[in-house]
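Undergrad: Dropping in run.txt, which is compact mmCIF, C-alpha atoms and all ligand atoms:
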```
# COMPACT_ATOMS: atom_id res chain seq x y z
CA MET F 1 149.35 -85.82 120.87
CA THR F 2 146.15 -85.55 118.81
CA THR F 3 144.40 -82.29 118.12
CA GLU F 4 140.67 -82.31 117.64
CA PRO F 5 138.83 -79.69 115.64
CA ALA F 6 137.43 -76.99 117.93
CA PRO F 7 133.66 -76.34 117.83
CA ASP F 8 134.18 -73.24 115.72
CA GLY F 9 135.88 -75.40 113.11
CA GLN F 10 139.40 -74.15 113.90
CA GLN F 11 142.21 -76.50 114.95
CA GLN F 12 142.68 -76.38 118.71
CA ALA F 13 146.25 -75.58 119.68
CA PRO F 14 147.90 -78.54 121.42
CA ALA F 15 148.77 -77.99 125.10
CA PRO F 16 152.38 -76.82 125.46
CA GLN F 17 154.66 -79.72 126.19
CA ARG F 18 155.73 -80.09 129.79
CA SER F 19 158.30 -82.46 131.16
CA LEU F 20 157.50 -84.73 134.09
CA LEU F 21 161.19 -85.66 134.33
CA ARG F 22 162.04 -82.03 135.07
CA LEU F 23 160.04 -81.87 138.29
CA LEU F 24 161.73 -82.26 141.65
CA PRO F 25 159.65 -84.31 144.13
CA ALA F 26 158.29 -81.18 145.87
CA GLU F 27 157.28 -79.76 142.49
CA MET F 28 155.64 -83.06 141.54
CA GLU F 29 153.58 -82.87 144.73
CA GLU F 30 152.63 -79.31 143.94
CA LEU F 31 151.47 -80.38 140.48
CA VAL F 32 149.54 -83.39 141.72
CA VAL F 33 147.94 -81.89 144.84
CA ALA F 34 147.58 -78.17 144.17
CA ARG F 35 146.99 -78.17 140.44
CA LEU F 36 145.36 -81.51 139.73
CA GLY F 37 143.56 -81.92 143.07
CA GLU F 38 144.81 -85.49 143.52
CA PRO F 39 146.07 -87.12 146.73
CA ARG F 40 149.77 -86.70 147.54
CA TYR F 41 150.61 -90.39 147.07
CA ARG F 42 149.95 -90.00 143.35
CA ALA F 43 153.13 -87.91 143.17
CA ASP F 44 155.07 -90.85 144.63
CA GLN F 45 153.46 -93.16 142.10
CA ILE F 46 154.58 -90.94 139.24
CA LEU F 47 158.11 -90.58 140.68
CA HIS F 48 158.27 -94.33 141.14
CA GLY F 49 157.14 -94.89 137.56
CA LEU F 50 159.78 -92.48 136.23
CA TYR F 51 162.78 -93.39 138.39
CA ARG F 52 162.20 -97.06 139.27
CA GLY F 53 160.10 -98.17 136.31
CA PHE F 54 161.96 -95.91 133.82
CA ALA F 55 158.64 -95.21 132.08
CA THR F 56 158.98 -93.76 128.59
CA LYS F 57 155.46 -92.32 128.50
CA VAL F 58 152.69 -91.35 130.89
CA ASP F 59 150.78 -94.52 129.98
CA ASP F 60 153.64 -96.69 131.25
CA ILE F 61 153.35 -95.31 134.79
CA SER F 62 151.58 -98.11 136.57
CA GLY F 63 148.81 -97.63 139.09
CA LEU F 64 147.58 -94.25 137.86
CA PRO F 65 143.84 -94.02 137.24
CA ALA F 66 142.89 -93.58 133.59
CA ALA F 67 141.36 -90.16 134.29
CA LEU F 68 144.63 -88.84 135.74
CA ARG F 69 146.66 -90.18 132.81
CA ALA F 70 144.24 -88.55 130.42
CA ARG F 71 144.49 -85.28 132.35
CA LEU F 72 148.32 -85.34 132.31
CA ASP F 73 148.22 -86.12 128.60
CA ALA F 74 145.73 -83.36 127.85
CA ASP F 75 147.85 -80.87 129.81
CA GLY F 76 150.84 -81.76 127.63
CA TYR F 77 152.88 -83.66 130.22
CA LEU F 78 155.34 -86.09 128.73
CA VAL F 79 158.40 -88.12 129.67
CA ASP F 80 161.64 -87.10 127.96
CA VAL F 81 163.30 -89.96 126.14
CA ALA F 82 166.75 -89.97 124.56
CA GLU F 83 166.88 -91.97 121.33
CA GLU F 84 169.98 -93.82 120.17
CA ALA F 85 171.33 -92.41 116.91
CA ALA F 86 174.66 -94.27 116.95
CA CYS F 87 176.53 -96.57 119.28
CA SER F 88 180.09 -97.76 119.61
CA ARG F 89 181.24 -100.32 122.12
CA SER F 90 184.75 -101.27 123.17
CA ASP F 91 185.90 -104.82 122.42
CA ASP F 92 185.98 -105.67 126.11
CA GLY F 93 182.34 -104.49 126.34
CA LEU F 94 183.13 -102.23 129.28
CA THR F 95 182.74 -98.88 127.50
CA THR F 96 179.66 -97.92 125.51
CA LYS F 97 179.44 -94.60 123.80
CA LEU F 98 176.10 -93.42 122.46
CA LEU F 99 175.08 -90.57 120.24
CA LEU F 100 171.67 -89.63 121.62
CA ARG F 101 168.97 -87.65 119.89
CA LEU F 102 167.11 -85.24 122.15
CA ALA F 103 164.15 -82.92 121.56
CA GLY F 104 164.29 -81.04 118.27
CA GLY F 105 166.82 -83.53 116.89
CA THR F 106 169.75 -82.20 118.97
CA LEU F 107 172.54 -84.78 119.10
CA VAL F 108 174.71 -85.27 122.17
CA GLU F 109 177.13 -87.91 123.37
CA SER F 110 176.89 -89.99 126.53
CA VAL F 111 179.22 -92.73 127.67
CA LEU F 112 178.92 -95.69 130.03
CA MET F 113 182.17 -96.82 131.61
CA GLN F 114 182.13 -100.02 133.66
CA TYR F 115 184.70 -101.27 136.12
CA PRO F 116 184.29 -104.93 137.09
CA GLY F 117 183.42 -105.51 140.74
CA ALA F 118 185.62 -107.68 142.93
CA GLY F 119 184.62 -111.33 143.33
CA GLY F 120 181.73 -111.25 140.88
CA SER F 121 180.00 -108.32 142.64
CA HIS F 122 178.16 -105.68 140.62
CA PRO F 123 180.40 -103.51 138.45
CA ARG F 124 180.85 -99.80 139.04
CA SER F 125 178.85 -98.25 136.21
CA THR F 126 179.65 -94.60 135.56
CA VAL F 127 177.59 -92.57 133.10
CA CYS F 128 179.23 -89.53 131.54
CA VAL F 129 176.61 -86.94 130.51
CA SER F 130 176.58 -83.92 128.22
CA THR F 131 175.23 -80.61 129.53
CA GLN F 132 175.32 -78.64 126.27
CA ALA F 133 175.17 -79.46 122.58
CA GLY F 134 178.56 -78.17 121.49
CA CYS F 135 180.57 -75.81 123.69
CA ALA F 136 181.52 -72.14 123.54
CA MET F 137 184.85 -72.50 125.37
CA GLY F 138 186.79 -73.47 122.26
CA CYS F 139 189.51 -75.66 123.81
CA VAL F 140 191.82 -76.31 120.88
CA PHE F 141 192.31 -80.04 121.56
CA CYS F 142 188.63 -80.85 122.16
CA ALA F 143 186.31 -82.05 119.38
CA THR F 144 183.30 -80.47 121.11
CA GLY F 145 185.11 -77.16 121.48
CA GLN F 146 185.90 -77.20 117.78
CA MET F 147 182.26 -77.66 116.76
CA GLY F 148 181.12 -74.48 118.53
CA PHE F 149 178.08 -73.89 120.72
CA GLU F 150 174.62 -75.06 119.71
CA ARG F 151 172.41 -74.89 122.81
CA ASN F 152 172.13 -75.55 126.52
CA LEU F 153 170.45 -78.79 127.54
CA GLN F 154 167.50 -78.77 129.89
CA ALA F 155 167.87 -80.65 133.19
CA GLU F 156 165.42 -83.30 131.99
CA GLU F 157 167.56 -83.88 128.90
CA ILE F 158 170.59 -84.47 131.12
CA VAL F 159 168.61 -86.84 133.36
CA ALA F 160 167.19 -88.65 130.29
CA GLN F 161 170.76 -89.59 129.27
CA VAL F 162 171.31 -91.32 132.63
CA ILE F 163 167.92 -93.02 132.55
CA HIS F 164 168.64 -94.34 129.06
CA PHE F 165 171.69 -96.19 130.38
CA ALA F 166 169.84 -97.22 133.54
CA ARG F 167 167.24 -98.90 131.34
CA LEU F 168 169.96 -100.75 129.38
CA LEU F 169 171.71 -101.83 132.58
CA ARG F 170 168.49 -103.05 134.18
CA GLU F 171 168.19 -105.68 131.43
CA ARG F 172 171.40 -107.21 132.83
CA GLY F 173 170.40 -106.79 136.48
CA GLU F 174 172.83 -103.88 136.91
CA HIS F 175 172.41 -100.21 137.73
CA VAL F 176 174.07 -96.80 137.38
CA THR F 177 176.40 -96.20 140.34
CA ASN F 178 178.07 -92.87 139.39
CA VAL F 179 177.46 -89.91 137.11
CA VAL F 180 180.17 -87.59 135.82
CA PHE F 181 179.39 -84.31 134.05
CA MET F 182 182.25 -84.70 131.58
CA GLY F 183 180.50 -85.08 128.26
CA MET F 184 179.88 -82.35 125.72
CA GLY F 185 179.67 -78.82 127.04
CA GLU F 186 180.61 -76.73 130.06
CA PRO F 187 178.31 -77.61 132.99
CA LEU F 188 178.88 -74.35 134.88
CA ALA F 189 178.00 -72.30 131.80
CA ASN F 190 174.58 -74.00 132.02
CA TYR F 191 174.47 -73.61 135.76
CA SER F 192 170.84 -73.81 136.84
CA GLU F 193 169.96 -76.74 134.57
CA THR F 194 173.08 -78.60 135.70
CA ILE F 195 172.18 -78.10 139.38
CA ARG F 196 168.59 -79.15 138.78
CA ALA F 197 169.88 -82.29 137.07
CA VAL F 198 172.20 -83.03 140.03
CA ARG F 199 169.28 -82.62 142.42
CA LEU F 200 167.04 -84.90 140.36
CA LEU F 201 169.77 -87.52 140.13
CA THR F 202 170.54 -87.41 143.86
CA ASP F 203 167.10 -86.93 145.42
CA GLN F 204 166.16 -90.18 147.14
CA ARG F 205 162.59 -89.86 145.83
CA ALA F 206 163.89 -89.32 142.29
CA PHE F 207 166.91 -91.12 140.76
CA GLY F 208 168.48 -91.59 144.19
CA LEU F 209 172.25 -91.59 143.70
CA ALA F 210 174.48 -90.52 146.60
CA GLN F 211 175.64 -86.92 146.11
CA ARG F 212 179.21 -88.09 146.47
CA SER F 213 178.72 -90.33 143.44
CA VAL F 214 178.31 -87.31 141.19
CA THR F 215 181.26 -85.32 139.81
CA ILE F 216 181.09 -82.08 137.88
CA SER F 217 183.98 -81.18 135.61
CA THR F 218 184.52 -77.52 134.73
CA VAL F 219 186.91 -75.69 132.46
CA GLY F 220 187.17 -73.25 135.38
CA VAL F 221 184.22 -70.88 135.69
CA ILE F 222 185.05 -69.32 139.06
CA ARG F 223 181.65 -67.78 139.80
CA GLY F 224 180.08 -71.18 139.10
CA ILE F 225 182.54 -72.96 141.41
CA ASP F 226 181.71 -70.56 144.25
CA ARG F 227 177.98 -70.92 143.66
CA LEU F 228 178.30 -74.69 143.59
CA ALA F 229 180.11 -74.62 146.94
CA GLU F 230 177.05 -72.89 148.43
CA GLU F 231 174.48 -75.38 147.12
CA GLY F 232 174.81 -77.71 150.10
CA LEU F 233 175.65 -80.58 147.75
CA GLN F 234 178.42 -83.10 148.31
CA ALA F 235 179.23 -83.35 144.62
CA GLY F 236 182.82 -83.91 143.53
CA LEU F 237 184.46 -81.15 141.50
CA ALA F 238 187.11 -81.49 138.82
CA ILE F 239 188.80 -78.43 137.33
CA SER F 240 190.39 -78.75 133.90
CA LEU F 241 193.72 -76.98 134.32
CA HIS F 242 195.93 -78.36 131.52
CA ALA F 243 198.76 -75.88 132.21
CA PRO F 244 200.62 -74.47 135.23
CA ASN F 245 200.64 -70.87 133.93
CA ASP F 246 198.22 -68.49 132.25
CA ALA F 247 200.13 -67.97 129.01
CA LEU F 248 200.10 -71.67 128.12
CA ARG F 249 196.62 -72.22 129.50
CA GLN F 250 195.18 -69.47 127.32
CA LYS F 251 196.73 -71.05 124.24
CA LEU F 252 194.88 -74.28 125.00
CA ILE F 253 191.67 -72.67 126.28
CA PRO F 254 191.21 -69.45 124.30
CA THR F 255 188.41 -68.27 126.62
CA ALA F 256 190.40 -68.77 129.83
CA ALA F 257 191.67 -65.20 130.32
CA PRO F 258 189.16 -64.14 133.03
CA HIS F 259 190.08 -67.16 135.14
CA SER F 260 193.74 -67.22 136.07
CA VAL F 261 195.49 -70.35 137.35
CA ARG F 262 196.03 -68.59 140.68
CA ASP F 263 192.36 -67.69 141.04
CA LEU F 264 191.34 -71.22 140.12
CA VAL F 265 193.58 -72.68 142.79
CA SER F 266 192.03 -70.27 145.33
CA ALA F 267 188.54 -71.27 144.17
CA ALA F 268 189.47 -74.94 144.66
CA ARG F 269 190.61 -74.18 148.22
CA ARG F 270 187.32 -72.40 148.94
CA TYR F 271 185.36 -75.34 147.52
CA PHE F 272 187.24 -77.73 149.81
CA ARG F 273 186.75 -75.49 152.86
CA LYS F 274 183.04 -75.18 152.23
CA THR F 275 182.18 -78.76 151.17
CA GLY F 276 184.96 -80.86 152.70
CA ARG F 277 185.55 -82.37 149.25
CA ARG F 278 188.99 -82.12 147.72
CA VAL F 279 189.07 -80.89 144.16
CA THR F 280 190.67 -82.88 141.35
CA PHE F 281 192.62 -81.04 138.66
CA GLU F 282 192.50 -82.50 135.18
CA TYR F 283 195.50 -82.18 132.94
CA ALA F 284 195.26 -83.42 129.34
CA LEU F 285 198.82 -84.30 128.35
CA ILE F 286 199.70 -83.10 124.85
CA GLU F 287 203.04 -84.02 123.34
CA GLY F 288 205.53 -81.18 123.17
CA VAL F 289 202.90 -78.67 124.34
CA ASN F 290 202.32 -79.22 128.07
CA ASP F 291 204.04 -82.54 128.84
CA MET F 292 207.59 -81.30 129.52
CA PRO F 293 209.01 -82.34 132.93
CA GLU F 294 209.81 -78.70 133.82
CA LEU F 295 206.10 -77.93 133.53
CA ALA F 296 205.41 -80.76 135.99
CA GLY F 297 207.79 -78.98 138.39
CA GLU F 298 205.98 -75.67 137.84
CA LEU F 299 202.60 -77.37 138.36
CA GLY F 300 203.94 -78.90 141.54
CA ARG F 301 204.84 -75.45 142.89
CA VAL F 302 201.34 -74.14 142.04
CA LEU F 303 199.46 -77.04 143.65
CA ARG F 304 201.83 -78.36 146.32
CA ASP F 305 200.01 -77.33 149.51
CA THR F 306 196.44 -77.60 148.17
CA GLY F 307 195.97 -81.29 148.92
CA ALA F 308 194.47 -81.53 145.45
CA HIS F 309 194.77 -84.55 143.24
CA VAL F 310 195.83 -84.32 139.59
CA ASN F 311 194.31 -86.60 136.99
CA LEU F 312 196.64 -86.88 134.01
CA ILE F 313 194.75 -87.66 130.80
CA PRO F 314 196.93 -88.65 127.84
CA LEU F 315 195.38 -86.72 124.97
CA ASN F 316 192.96 -88.48 122.72
CA PRO F 317 193.94 -86.97 119.39
CA THR F 318 191.10 -85.27 117.54
CA ALA F 319 191.19 -83.67 114.11
CA GLY F 320 193.67 -81.00 115.32
CA PRO F 321 197.47 -81.09 115.14
CA PHE F 322 197.93 -82.27 118.74
CA ARG F 323 199.39 -85.64 119.61
CA ARG F 324 199.27 -87.99 122.57
CA PRO F 325 202.65 -88.34 124.31
CA SER F 326 204.36 -91.72 124.45
CA ARG F 327 203.80 -93.84 127.55
CA GLU F 328 207.37 -93.02 128.54
CA ARG F 329 206.73 -89.27 128.47
CA VAL F 330 203.49 -89.67 130.41
CA LEU F 331 205.28 -91.64 133.14
CA THR F 332 208.14 -89.14 133.26
CA PHE F 333 205.64 -86.29 133.78
CA GLU F 334 203.85 -88.29 136.46
CA ARG F 335 207.11 -88.98 138.31
CA ALA F 336 208.18 -85.33 138.13
CA LEU F 337 204.83 -84.16 139.49
CA ARG F 338 204.97 -86.68 142.35
CA ALA F 339 208.53 -85.58 143.11
CA ALA F 340 207.22 -82.01 143.32
CA GLY F 341 204.85 -83.16 146.07
CA VAL F 342 201.54 -83.56 144.23
CA ASN F 343 199.28 -86.61 144.26
CA CYS F 344 198.49 -87.73 140.76
CA THR F 345 197.25 -90.63 138.69
CA VAL F 346 197.21 -91.35 134.99
CA ARG F 347 193.65 -91.89 133.87
CA VAL F 348 193.01 -95.52 133.03
CA GLU F 349 192.58 -95.90 129.31
CA ARG F 350 189.17 -97.27 128.54
CA GLY F 351 187.82 -98.68 125.32
CA ALA F 352 190.81 -97.51 123.33
CA GLU F 353 189.21 -98.60 120.10
CA ILE F 354 186.05 -96.50 120.34
CA ALA F 355 185.49 -92.82 119.85
CA ALA F 356 185.23 -92.06 123.54
CA ALA F 357 186.51 -88.49 123.50
CA CYS F 358 183.68 -86.07 123.85
CA GLY F 359 182.53 -84.60 120.58
CA GLN F 360 184.31 -87.22 118.48
CA LEU F 361 181.36 -89.49 117.85
CA ARG F 362 179.15 -86.61 116.81
CA THR F 363 181.85 -85.12 114.62
CA ALA F 364 182.48 -88.47 112.97
CA ALA F 365 178.76 -89.08 112.51
CA ALA F 366 178.34 -85.69 110.85
CA ALA F 367 181.28 -86.45 108.56
CA ALA F 368 179.73 -89.83 107.68
CA VAL F 369 176.49 -88.09 106.70
CA ARG F 370 178.36 -85.49 104.65
CA LYS F 371 180.27 -88.23 102.83
CA ALA F 372 177.21 -90.38 102.18
CA PRO F 373 174.19 -88.10 101.87
CA SER F 374 172.04 -90.92 100.54
CA ALA F 375 172.82 -93.25 103.45
CA ARG F 376 170.55 -93.32 106.47
CA GLY F 377 173.22 -91.46 108.31
CA PRO F 378 173.95 -91.50 112.03
CA GLU F 379 170.60 -93.03 112.93
CA SER F 380 171.56 -96.17 111.05
CA PRO F 381 173.57 -98.53 113.24
CA SER F 382 175.58 -99.47 110.16
CA GLY F 383 176.19 -95.77 109.62
CA ALA F 384 177.99 -95.62 112.95
CA PRO F 385 181.26 -93.79 112.57
CA SER F 386 184.48 -95.66 112.29
CA PRO F 387 186.39 -96.30 115.48
CA ALA F 388 188.82 -93.74 116.81
CA PRO F 389 191.08 -93.91 119.84
CA SER F 390 189.71 -93.04 123.24
CA ARG F 391 190.91 -90.49 125.70
CA GLY F 392 189.82 -93.03 128.22
CA ARG F 393 187.27 -91.18 130.25
N1 LIG F 401 183.72 -78.68 129.83
C1 LIG F 401 184.12 -79.41 130.96
C2 LIG F 401 183.60 -80.83 131.00
C3 LIG F 401 183.61 -81.59 129.70
S1 LIG F 401 185.21 -81.99 129.07
C4 LIG F 401 185.64 -79.38 131.11
O1 LIG F 401 186.32 -78.94 130.19
O2 LIG F 401 186.12 -79.78 132.15
C5 LIG F 401 185.78 -83.19 130.23
C6 LIG F 401 187.28 -83.39 130.24
O3 LIG F 401 187.73 -83.95 129.00
C7 LIG F 401 188.05 -82.10 130.41
O4 LIG F 401 189.06 -82.25 131.36
C8 LIG F 401 188.62 -81.88 129.03
O5 LIG F 401 189.74 -81.06 129.04
C9 LIG F 401 188.92 -83.28 128.60
N2 LIG F 401 189.14 -83.43 127.16
C10 LIG F 401 188.49 -82.84 126.13
N3 LIG F 401 188.97 -83.24 124.93
C11 LIG F 401 189.97 -84.11 125.19
C12 LIG F 401 190.86 -84.88 124.38
N4 LIG F 401 190.81 -84.83 123.07
N5 LIG F 401 191.75 -85.68 124.99
C13 LIG F 401 191.80 -85.74 126.35
N6 LIG F 401 190.99 -85.06 127.18
C14 LIG F 401 190.09 -84.23 126.61
FE1 LIG F 402 184.14 -77.24 126.28
FE2 LIG F 402 185.28 -78.85 128.10
FE3 LIG F 402 185.64 -79.27 125.44
FE4 LIG F 402 186.79 -77.17 126.62
S1 LIG F 402 187.19 -79.35 127.04
S2 LIG F 402 185.69 -77.14 124.69
S3 LIG F 402 185.25 -76.59 128.10
S4 LIG F 402 183.74 -79.42 126.55
```
Before anything else, please render the file you have as structure tokens.
TA:
Amino acid sequence: MTTEPAPDGQQQAPAPQRSLLRLLPAEMEELVVARLGEPRYRADQILHGLYRGFATKVDDISGLPAALRARLDADGYLVDVAEEAACSRSDDGLTTKLLLRLAGGTLVESVLMQYPGAGGSHPRSTVCVSTQAGCAMGCVFCATGQMGFERNLQAEEIVAQVIHFARLLRERGEHVTNVVFMGMGEPLANYSETIRAVRLLTDQRAFGLAQRSVTISTVGVIRGIDRLAEEGLQAGLAISLHAPNDALRQKLIPTAAPHSVRDLVSAARRYFRKTGRRVTFEYALIEGVNDMPELAGELGRVLRDTGAHVNLIPLNPTAGPFRRPSRERVLTFERALRAAGVNCTVRVERGAEIAAACGQLRTAAAAAVRKAPSARGPESPSGAPSPAPSRGR
């Protein structure tokens, strides 16, 4: 944005920046009709430009009269764009993990996971978004948890991650089919921005995904789960449990004390009653810590009559001392849990050769910069961090 000298010779302050991508369709209409005095269909033109054309700036929104563009520009309206700072892709090309630079230089990770469609049909293309830079929950096995909390993301910054992938997919004639809130950060600790992002992604006049194609993963913020159940959304919910009892759970999630396993299971039941959507429990399997068959039995007793599904995620080792169990141990745990009457699946490992665990790409990029201060750092594609195993999300 340019600033012209004011008549009195002083620099005029630029208009505060405002995000067009943040506005829900009703708010866009309010801006266009009530504030700018334009006809209502201009709001649809802008929404179309943002969510069908994936415009990166106001000027790219086709069909708008020059005067309206100039007015939006002068009022400080812009389109949020996520910039690629580093990229790693699995050998099979199905998993792409990006380190994205947002406003103010904040770096977050987003991942695209593709699942080939049957008979040459379009693949399922799931984008995993971050909701915070860093995370305050401190899970001991999670690279994001170990880097601490930096800031909450705005809804438009969450949506910009999805649109970035949508733009890439469009070049191949493909599109985003699902979004999971399983990247960096705790979505329910950034509640209102997360919900705004879900609404933008699922409003048919905005990004237009089906609500059922969106899944929010939480470490278990009970108040947030109950609020979410009241939103009238059909979003899927995953609760990261990782242990059948509070003592073990609190070792893995040091901030878990206010949310007991029992209370979480009750919250999951309430969510199902209210939304009709069964909750998934996530369980990261860590060798010798929470992967013993007797713990599968205990978990079975806790979850047996909930109808819930358990997603077993063999740990993707990060810098910490924790290890991924052998395939044998994973299968033994799975069998024991099934025998205890609980539906479960082992998460398909995706892109094992890239750093697909949340927080790992950013951590590795930061380390690369520390090691080579004179290199261009994470923004250089050649400065992309070295591959690490995936936790297969
Ligand atoms: N904060 C939310 C969502 C982001 S984490 C949550 O915790 O649910 C998404 C999932 O990845 C969680 O189930 C989390 O426990 C899991 N996860 C984090 N680090 C992991 C690792 N190193 N290996 C396997 N799973 C991991
Ligand atoms: Fe935060 Fe989720 Fe990582 Fe725990 S697992 S530290 S809640 S991002």
Undergrad: Ligand LIG 401 (chain F): which residues are within 7 Å, counting only C-alpha atoms and all ligand atoms, as a PyMOL selection string?
TA: chain F and resi 141-143+181-187+217-219+238-240+282-284+313-318+357-358+391
Undergrad: Using all atoms listed in the file, which residues sit within 9 Å of segment 325-335 of chain F once same-chain residues fewer than 3 positions away are excluded, as a ChimeraX atom specification?
TA: /F:285-288,291-297,312-315,338-340,344-346
Undergrad: Give me the residues within 8 Å of segment 112-121 of chain F as a list in words, counting all atoms listed in the file and dropping any in the same chain fewer than 5 places off.
TA: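 That gives Leu94, Thr95, Thr96, Lys97, Thr126, Val127, Cys128, Phe165, Arg350 and Arg393 of chain F.
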Undergrad: What's the separation between atom CA of Asp59 of chain F and atom CA of Arg167 of chain F, in Å to one decimal place?
TA: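 Here the two named atoms are 17.1 Å from each other.
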Undergrad: So, with only C-alpha atoms and all ligand atoms as the atoms that count, which of F:Gln250, F:Thr177, F:Ser19, F:Asn343 lies closest to ligand LIG 402 (chain F)?
TA: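 Closest candidate: F:Gln250.
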Undergrad: Find, counting all atoms listed in the file, the residue in F:Arg124, F:Arg212, F:Arg18, F:Arg301 that gets nearest to Leu237 of chain F.
TA: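 When distances to Leu237 of chain F are compared using all atoms listed in the file, the smallest one comes from F:Arg212.
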Undergrad: From the list F:Gln234, F:Thr306, F:Asn190, F:Thr202, which residue is nearest ligand LIG 402 (chain F) when using all atoms listed in the file?
TA: F:Asn190
Undergrad: Residues near Leu200 of chain F, anyone? I mean within 9 Å using only C-alpha atoms, not counting same-chain ones fewer than 3 positions away, as a CSV table (one decimal) with C-alpha atoms, in the frame of the given file.
TA:
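That gives us part_1.csv:
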```
chain,number,residue,atom,x,y,z
F,21,LEU,CA,161.2,-85.7,134.3
F,22,ARG,CA,162.0,-82.0,135.1
F,23,LEU,CA,160.0,-81.9,138.3
F,24,LEU,CA,161.7,-82.3,141.6
F,25,PRO,CA,159.6,-84.3,144.1
F,155,ALA,CA,167.9,-80.6,133.2
F,156,GLU,CA,165.4,-83.3,132.0
F,159,VAL,CA,168.6,-86.8,133.4
F,195,ILE,CA,172.2,-78.1,139.4
F,196,ARG,CA,168.6,-79.2,138.8
F,197,ALA,CA,169.9,-82.3,137.1
F,203,ASP,CA,167.1,-86.9,145.4
F,204,GLN,CA,166.2,-90.2,147.1
F,205,ARG,CA,162.6,-89.9,145.8
F,206,ALA,CA,163.9,-89.3,142.3
F,207,PHE,CA,166.9,-91.1,140.8
F,208,GLY,CA,168.5,-91.6,144.2
```
Undergrad: Which residue out of F:Gly236, F:Gly300, F:Gly276, F:Gly145 has the minimum interatomic distance to ligand LIG 402 (chain F) when all atoms listed in the file are used?
TA: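 Once distances to ligand LIG 402 (chain F) are computed over all atoms listed in the file, the minimum belongs to F:Gly145.
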Undergrad: Got a sec: who's within 7 Å of Glu29 of chain F, counting all atoms listed in the file, leaving out chain neighbours fewer than 4 positions off, as a PyMOL selection string?
TA: chain F and resi 25+33+40+43
Undergrad: Now that the selection is made, can you save its residues with C-alpha atoms as a PDB file, in the coordinates of the input?
TA:
```pdb
ATOM      1  CA  PRO F  25     159.650 -84.310 144.130  1.00  0.00           C
ATOM      2  CA  VAL F  33     147.940 -81.890 144.840  1.00  0.00           C
ATOM      3  CA  ARG F  40     149.770 -86.700 147.540  1.00  0.00           C
ATOM      4  CA  ALA F  43     153.130 -87.910 143.170  1.00  0.00           C
TER       5      ALA F  43
END
```
Undergrad: Between atom CA of His164 of chain F and atom CA of Glu84 of chain F, what is the distance in Å, rounded to a tenth?
TA: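 Interatomic distance, atom CA of His164 of chain F to atom CA of Glu84 of chain F: 9.0 Å.
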